[in-house]
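Taking it in order: structure first as structure tokens, then the write-up.
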Amino acid sequence: MTMTISFKELGLAQPLLQATEAIGYTQATPVQEKVIPAAISGGDWMVSSQTGSGKTAAFLLPLLNQLIAANPNGKPVPGRAEPQVLVLCPTRELAQQVSADAINLVKFARGIRIATIMGGMPYGKQISQIKGANLVVATPGRLLDLSNSRAIRLDKVKCMIVDEADRMLDLGFQDDIEAIHELCSDRGQTLMFSATFAPRIMQLATSLMNNPGRIELASAHDKHENIAQTLHWADSVAHKHKLLSHWLSDPTMEQAVVFASTQADSETIADSLRADGHEATALHGAMPQAVRNRRLQSLRKGQTRILVATDVAARGIDVPTITHVINFGLPMKAEDYVHRIGRTGRAGRSGVAITLAEHRDRSKIRAIEQYTQQPLQAEVIPGLEPSEKSRKPSHRPGSGRPGRSFGGKGASNASNRHGQGQGEGKTFKQNHFAKPSGPKFAGSGKPSSGPKFGGSGKPSSGQKRTFA
Ligand code: AMP
């Protein structure tokens, strides 16, 4: 889809137009084109949009526009903790990203203050920050704590946004969201964003919204054409480490996020990369928030080249210089694969997503392929080929899909391409993957709910698995 609508045509106030220009947004993305006028016109909306589509500005711009319209002279806001706009985010990382975007967008506006409320931060500092804030970005648990202790009142909220609603449910926030919904039940508008409109999301929507309009832009089946996706079959963890090392030495690698399945794995992989001379650091949910913040900041500043993370980092990290995402451990749910790879190829750039899988992971690979409705191209690196057994397509008895190979077409093509020779140490890529392309914001298509990996959450080695 070509992007033709400017922010001016969407009727945004002058300070917001100045800000979008200063940030470098020349035209609205498809999700912005649809959501901005809808949100300005009022009513409740549920929106499915792909990661990296520009969805944050899609909800921030119309809401900031309303705040500016309500205070045209930019009078300073009274120092009460009574926000008019509330944005709920599932993770601290996402809350920080949304706040940072909001602060950038109000650079030229007067009388608007943004505050962030999230766990892991000192209470005193947060309580003083929320005084006089008209837009609050919060994670649900800490917001309820502050509301229960009367440090914040939510009854003046006019609009509530639930960002990444699917993730909210995954993280068990349903009750908290419903409690917050009750605390701001006089509001006139609710917007809900989710990767899919799965039945559980629709159920949440029914309890939070009045007859919402639907805007569908995302699809698990979007091709992510600006992200070259590759699969490598590996014989063992040691083999995966060799493949990882190969990719991290790729000359086009500027920054990489390596995903691990467990917190312990993220530490172990980061340690082993450091021992091999790579600048790598781990990030997972058991770390104190101050450490998580420092590590993310270091990634943003380009001081960290390789972040080894659990799925806590699968959403909310918006660092355009991330060139590579490497799935060392596979995600628990197929839909998280899409969120993980969305850490690269951001803001119109191209990116590379590599998945390392052992033979025992084949059902997870199949679930990802079913979810995205695209085969993952299996490729080989000369000298690091998997044994025949590891790359052999296998058929799960009773799967009802006879003849389907786990690596998609690529599993069988890999050896053919191997013979085409493109130089020592290079992988063989299909051209349509290798070429960088222009910005691919949200496409169209019907989302579907993602299959969960049956039983894959079980500890495989007797070790306690902690995933975020
Ligand atoms: P999001 O989907 O909100 O995470 O945004 C993904 C990336 O797109 C972020 O880096 C934004 O800064 C960027 N972005 C958002 N809106 C636009 C726009 N209109 N033009 C170009 N980049 C944008």
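In the structure tokens, each chain is lettered A, B, ... as it comes, each chain's residues begin at 1, and ligands are numbered from 1 in order of appearance.
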
Would you mind listing the residues within 6 Å of ligand 1, counting only C-alpha atoms and all ligand atoms, as a list in words?
Tyr25, Thr26, Gln27, Ala28, Thr29, Thr51, Gly52, Ser53, Gly54, Lys55, Thr56, Ala57, Asp318, Arg346 and Ala347 of chain A

Quick check for you: according to DSSP on this backbone, which residues of segment 98-276 of chain A are classed as strand (DSSP E)? Reply as an NGL selection string.
:A and (114-117 or 135-138 or 159-162 or 189-194 or 213-216 or 227-234 or 255-259)

Take the residues from that selection and put them in a file with C-alpha atoms, as a compact mmCIF listing (two decimals), in the first residue's frame.
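The result, stored in result.txt:
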```txt
# COMPACT_ATOMS: atom_id res chain seq x y z
CA ILE A 114 3.32 12.68 30.45
CA ALA A 115 4.09 10.29 33.32
CA THR A 116 5.04 6.62 33.45
CA ILE A 117 3.88 4.25 36.16
CA LEU A 135 -1.43 11.38 30.04
CA VAL A 136 -0.27 8.42 32.08
CA VAL A 137 1.33 5.31 30.59
CA ALA A 138 1.16 2.42 33.05
CA CYS A 159 -9.93 7.75 27.26
CA MET A 160 -8.27 4.44 28.07
CA ILE A 161 -5.99 2.59 25.65
CA VAL A 162 -5.15 -1.06 26.11
CA GLN A 189 -13.62 6.26 24.80
CA THR A 190 -11.62 3.02 24.85
CA LEU A 191 -9.14 1.88 22.23
CA MET A 192 -7.73 -1.62 22.25
CA PHE A 193 -4.76 -2.81 20.19
CA SER A 194 -3.92 -6.44 19.67
CA GLY A 213 -15.69 -0.40 15.67
CA ARG A 214 -13.07 -2.71 14.19
CA ILE A 215 -9.98 -1.74 12.28
CA GLU A 216 -8.11 -4.72 10.92
CA ILE A 227 12.83 -9.26 7.02
CA ALA A 228 14.85 -12.13 5.52
CA GLN A 229 13.78 -15.19 7.48
CA THR A 230 16.01 -18.24 7.57
CA LEU A 231 15.98 -21.55 9.37
CA HIS A 232 19.04 -23.61 10.24
CA TRP A 233 18.66 -27.19 11.41
CA ALA A 234 21.21 -28.06 14.09
CA GLN A 255 23.25 -5.05 16.45
CA ALA A 256 21.51 -8.31 17.26
CA VAL A 257 18.92 -9.61 19.67
CA VAL A 258 19.42 -13.31 20.43
CA PHE A 259 16.32 -14.90 21.94
```

Given only C-alpha atoms as the counted atoms, nearest of A:Leu143, A:Met209, A:Leu307, A:Ile322 to Glu279 of chain A
A:Leu307

Report the residues of segment 145-273 of chain A whose backbone DSSP state falls under helix (DSSP H, G or I), written as number ranges by chain.
A: 145-148, 165-170, 174-183, 199-208, 237-248, 263-273

Generate the output file for the selected residues, C-alpha atoms, as a JSON list (two decimals), in the first residue's frame.
```json
[["chain", "number", "residue", "atom", "x", "y", "z"],
["A", 145, "ASP", "CA", -1.23, -0.20, 43.80],
["A", 146, "LEU", "CA", -1.10, 3.58, 43.42],
["A", 147, "SER", "CA", -4.85, 3.82, 42.94],
["A", 148, "ASN", "CA", -5.50, 1.67, 46.05],
["A", 165, "ALA", "CA", -4.14, -6.75, 24.66],
["A", 166, "ASP", "CA", -3.13, -10.27, 23.61],
["A", 167, "ARG", "CA", 0.05, -9.98, 25.64],
["A", 168, "MET", "CA", -1.93, -8.57, 28.58],
["A", 169, "LEU", "CA", -3.98, -11.75, 28.64],
["A", 170, "ASP", "CA", -0.89, -13.95, 28.27],
["A", 174, "GLN", "CA", -7.29, -9.70, 32.74],
["A", 175, "ASP", "CA", -8.55, -9.09, 36.31],
["A", 176, "ASP", "CA", -6.32, -6.04, 36.77],
["A", 177, "ILE", "CA", -7.57, -4.52, 33.52],
["A", 178, "GLU", "CA", -11.16, -5.13, 34.48],
["A", 179, "ALA", "CA", -10.52, -3.49, 37.88],
["A", 180, "ILE", "CA", -8.95, -0.46, 36.16],
["A", 181, "HIS", "CA", -11.89, -0.37, 33.75],
["A", 182, "GLU", "CA", -14.24, -0.05, 36.76],
["A", 183, "LEU", "CA", -12.13, 2.75, 38.24],
["A", 199, "PRO", "CA", -11.94, -15.10, 20.72],
["A", 200, "ARG", "CA", -10.30, -14.35, 24.10],
["A", 201, "ILE", "CA", -9.49, -10.82, 22.87],
["A", 202, "MET", "CA", -13.05, -10.32, 21.66],
["A", 203, "GLN", "CA", -14.27, -11.40, 25.08],
["A", 204, "LEU", "CA", -12.08, -8.81, 26.79],
["A", 205, "ALA", "CA", -13.27, -6.21, 24.28],
["A", 206, "THR", "CA", -16.89, -6.97, 25.14],
["A", 207, "SER", "CA", -16.25, -6.40, 28.82],
["A", 208, "LEU", "CA", -14.35, -3.12, 28.32],
["A", 237, "VAL", "CA", 23.19, -27.08, 21.33],
["A", 238, "ALA", "CA", 26.91, -27.01, 20.57],
["A", 239, "HIS", "CA", 26.06, -26.92, 16.85],
["A", 240, "LYS", "CA", 23.64, -24.05, 17.49],
["A", 241, "HIS", "CA", 26.43, -22.14, 19.24],
["A", 242, "LYS", "CA", 28.61, -22.52, 16.13],
["A", 243, "LEU", "CA", 25.80, -21.28, 13.89],
["A", 244, "LEU", "CA", 25.19, -18.38, 16.27],
["A", 245, "SER", "CA", 28.84, -17.44, 16.22],
["A", 246, "HIS", "CA", 28.81, -17.55, 12.42],
["A", 247, "TRP", "CA", 25.87, -15.16, 12.20],
["A", 248, "LEU", "CA", 27.22, -12.80, 14.81],
["A", 263, "GLN", "CA", 16.15, -16.80, 31.87],
["A", 264, "ALA", "CA", 18.94, -19.22, 32.76],
["A", 265, "ASP", "CA", 19.63, -19.85, 29.06],
["A", 266, "SER", "CA", 19.86, -16.12, 28.34],
["A", 267, "GLU", "CA", 22.60, -15.78, 30.98],
["A", 268, "THR", "CA", 24.45, -18.89, 29.79],
["A", 269, "ILE", "CA", 24.39, -17.83, 26.14],
["A", 270, "ALA", "CA", 25.55, -14.29, 26.99],
["A", 271, "ASP", "CA", 28.39, -15.72, 29.13],
["A", 272, "SER", "CA", 29.52, -18.04, 26.39],
["A", 273, "LEU", "CA", 29.41, -15.26, 23.77]]
```

As an NGL selection string, please: the residues near Val106 of chain A (cut-off 12 Å, only C-alpha atoms, same-chain neighbours under 5 positions excluded).
:A and (13-20 or 22-23 or 57 or 60-61 or 63-65 or 67-68 or 74 or 99-101 or 111-114 or 134-135)

Keeping only C-alpha atoms, write those residues as a CSV table (one decimal), in the first residue's frame.
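Result file again.csv:
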```csv
chain,number,residue,atom,x,y,z
A,13,ALA,CA,-3.0,20.4,15.7
A,14,GLN,CA,0.0,22.5,14.8
A,15,PRO,CA,2.3,21.4,17.7
A,16,LEU,CA,1.8,17.8,16.7
A,17,LEU,CA,2.5,18.5,13.0
A,18,GLN,CA,5.7,20.2,14.1
A,19,ALA,CA,6.7,17.3,16.2
A,20,THR,CA,6.0,14.7,13.5
A,22,ALA,CA,10.9,17.1,13.6
A,23,ILE,CA,10.9,13.3,14.2
A,57,ALA,CA,1.7,7.2,17.2
A,60,LEU,CA,-1.0,8.9,20.8
A,61,LEU,CA,-1.6,11.5,18.1
A,63,LEU,CA,-5.4,11.6,22.0
A,64,LEU,CA,-2.7,14.3,22.3
A,65,ASN,CA,-4.8,16.2,19.8
A,67,LEU,CA,-5.7,17.1,25.1
A,68,ILE,CA,-4.4,20.1,23.0
A,74,GLY,CA,-1.5,25.7,26.9
A,99,SER,CA,6.2,7.3,27.1
A,100,ALA,CA,9.3,8.2,25.2
A,101,ASP,CA,7.2,8.4,22.0
A,111,GLY,CA,0.3,22.3,29.0
A,112,ILE,CA,0.7,18.6,28.4
A,113,ARG,CA,2.6,16.4,30.8
A,114,ILE,CA,3.3,12.7,30.5
A,134,ASN,CA,-2.6,14.5,31.8
A,135,LEU,CA,-1.4,11.4,30.0
```

Shell of 6 Å around Cys89 of chain A, only C-alpha atoms, local chain residues under 4 positions omitted, as a list in words:
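The filter keeps Ala95, Thr139 and Asp163 of chain A.
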
Counting only C-alpha atoms, which residue out of A:Glu21, A:Asp235, A:Glu82, A:Glu9 sits closest to Pro37 of chain A?
A:Glu9

Neighbouring residues of Pro331 of chain A were defined as those with any atom within 10 Å, considering only C-alpha atoms; residues of the same chain fewer than 2 positions away were excluded. Please report them as a VMD selection string.
chain A and resid 259 to 262 310 to 311 314 327 to 329 333 to 340 364 to 365 368 453 456 to 457 467

For a quick check of understanding, using only C-alpha atoms, which of A:Asn210, A:Ser149, A:His278, A:Tyr123 has the smallest distance to Thr304 of chain A?
A:His278

Separation of atom CA of Met253 of chain A from atom CA of Met287 of chain A in Å
26.7 Å

Restricting to only C-alpha atoms, whichever of A:Gly351, A:Gly302, A:Gly79, A:Gly43 is closest to Ile326 of chain A is A:Gly351

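Using only C-alpha atoms, the shortest contact distance between Val98 of chain A and any of A:Gly132, A:Ala69, A:Phe59, A:His224 is found at A:Phe59.
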